[in-house]
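> Below is the structure I would like to discuss, written out as C-alpha cells.
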Amino acid sequence: MLGRKNRNDDEAGDLEGRIIAWRRHLHAHPELSYEEHETTDYVEARLRDLGLKPRRFDLGTGLWCDVPAAKGASATDVVGLRADIDALPMDEDSGLDFASTVEGVSHTCGHDGHTAMLLGAAEMLVADPPPRPVRLIFQPAEETMPGGALDCVREGVVEGVDRILALHCDPHRKVGEVGVTAGGITSSNAKLRLRLTGAGGHTARPHETQDVVHALATVAAGLPAVLSRRVDPRSGTVLTWGAISAGGEAPNVIPDSGELLGTLRSADRDVWAEVEPLVREAVDQLAAPYGVGVELEYTQGVPPVVNDDECADLAARAVESVLGPEGVGPAEQSSGGEDFAWYTEEVPGVYLRLGVWDGRSEETDLHHPRFRLDEAALIHGARIFETFARLDRIT
C-alpha cells in the first residue's frame, strides 16, 4: 500500500489503536453544529502534537491546516481532505461503553469516525511526507442547512486546492467495501415553512371564515402533485412534508393559523437552482380560493454532490491500493443532502461511501439511536485519505 513501505505491522497497529481511541473520545463528547468548541480543541491538540499549525475558522469552531510536501517534491497541486466534526440533536441507544455523555446529543451519523480517520491520515502524511501539499479540513456544522461547508468556502479554505475528497460511513455496506462512482452521488435539499392565517370561527359556518385547516390540506396534497407535472420526473424531485399543525384543539373551532414544514429534494442541480419560483407560484394559487394569508419561508439548501470523473478514478485507485480490487463497489445516488457539495461547486472532488457494517450485527441506518460502526473500518478510511493524497493525476 502506498505510503507505508517503511511501516511495520506493530507501527500500523499502534496507529489503528490511536484512531480508535480518538474516535471513542469524540463519540463520548459530541457537540452540535457551530458549538464544536471542545471537539475543535481536541483536534487542534492532536495536530499540534504532529508539529502542524492548524488555523481555526472565523466561525469559532472547526479548523484546517496544511501538511507540507516532502523536501524536493516537485508537485505543487494541493489536495484537500475533509472530515465533518458535528453531532446530531438526538439521544443515543447504542449500548456502547463510550456512548454519548451529553443528553440529547450524539454521534449517530459517524462524524466522530470521519474526524478520527482524518487525524490518522494526518499522522501518516507527517511521518512520510507526501509528494504535494495536503490540506486537512475539519469542518463544523454539516448537519445544518445550508451547511458549514459554505462558511468554510467563503473563508477561502479551498483556495489553491486542486482536488478534494471526503467519505461517509455507510452502515449498509460491509467493512472492506467502498462505494465509488462518478457523477451525482447525493441530492439537493431545500426547507419549506408555510404559514397560513385567517379569521377562524365556528365550524358550522366555514363560509364566514378563512378555513386554514382545509387550505393547509389542499396545499399539502396539491403542491407535490403540481411539482410532479411541472418538473421532469427524471430529475428525482420529491417534496415531503414532515409536519402539519394548526392552532386550537376543539373539533368545532376553525383556528386562525396553521403551518406546514417540509423538505424538497432533487437529484438535478438545475432543478435545485430554479424551482423556487414555481413553488411560490403554486402555493399562492392553491391557497388563493380560501382567502387565507400566505407566508412561505423557502430556505435554499445544498446542491447535489457531483463526483468529478478523474477524481472518482483516483479514489477508486486509492481504495484498490488499500483494500484490493474487491474493495471497490458502485454507489447509487442518494436522496439525502450533503454540504460537501459546496466544495465540489468550487473544485473537482469525490465523495465516497465507506462500509462500516460488520455483516453480523443489527443493520441500522444513519441518524438512528442504535447506529453503530465497526471500528475495523477506521484504519481503512485513514489509509484511503492518505493514499488519495499521494496519487498523481493521469496525464
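Ordered as shown in the C-alpha cells, chains take letters A, B, and onward, while each chain numbers its residues from 1 and ligands are numbered from 1 in the order shown.
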Just the residues within 6 Å of range 153-168 of chain A, please, counting only C-alpha atoms, with nothing from its chain fewer than 6 positions along; format it as a ChimeraX atom specification.

/A:77-82,347-354

> Show which residues sit within 12 Å of range 255-257 of chain A, as a ChimeraX atom specification. Count only C-alpha atoms, and ignore same-chain residues fewer than 5 positions away.

/A:194-203,206,209-216,244-250,292-295

> Contacts of Gly327 in chain A at 10 Å or less, counting only C-alpha atoms, minus same-chain residues fewer than 2 places along, as a PyMOL selection string?

chain A and resi 174-180+316+319-325+329+354-355

> Output C-alpha atoms of each residue in that selection to a file, as a CSV table (one decimal), in the first residue's frame.


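again-v9.csv, written as the output of this step:
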```
chain,number,residue,atom,x,y,z
A,174,LYS,CA,-19.7,-4.2,4.8
A,175,VAL,CA,-16.3,-3.3,6.2
A,176,GLY,CA,-13.8,-3.6,3.4
A,177,GLU,CA,-16.2,-2.3,0.7
A,178,VAL,CA,-16.2,1.3,-0.5
A,179,GLY,CA,-18.7,2.8,-2.9
A,180,VAL,CA,-17.1,4.9,-5.7
A,316,ALA,CA,-11.0,4.0,-7.0
A,319,VAL,CA,-9.4,2.2,-2.5
A,320,GLU,CA,-7.9,-0.7,-4.6
A,321,SER,CA,-4.5,0.1,-3.2
A,322,VAL,CA,-5.8,-0.2,0.4
A,323,LEU,CA,-8.4,-2.9,0.1
A,324,GLY,CA,-7.7,-4.7,-3.2
A,325,PRO,CA,-9.9,-4.8,-6.3
A,329,GLY,CA,-18.0,-1.1,-5.5
A,354,LEU,CA,-17.2,3.7,3.4
A,355,GLY,CA,-18.6,0.3,4.6
```

> Can you work out which one of A:Asn189, A:Thr240, A:Ser335, A:Thr218 has the shortest atom-to-atom distance to Pro303 in chain A, counting only C-alpha atoms?

A:Asn189

> Take CA of Ala267 in chain A and CA of Leu88 in chain A and report the distance between them in Å, one decimal.

24.2 Å
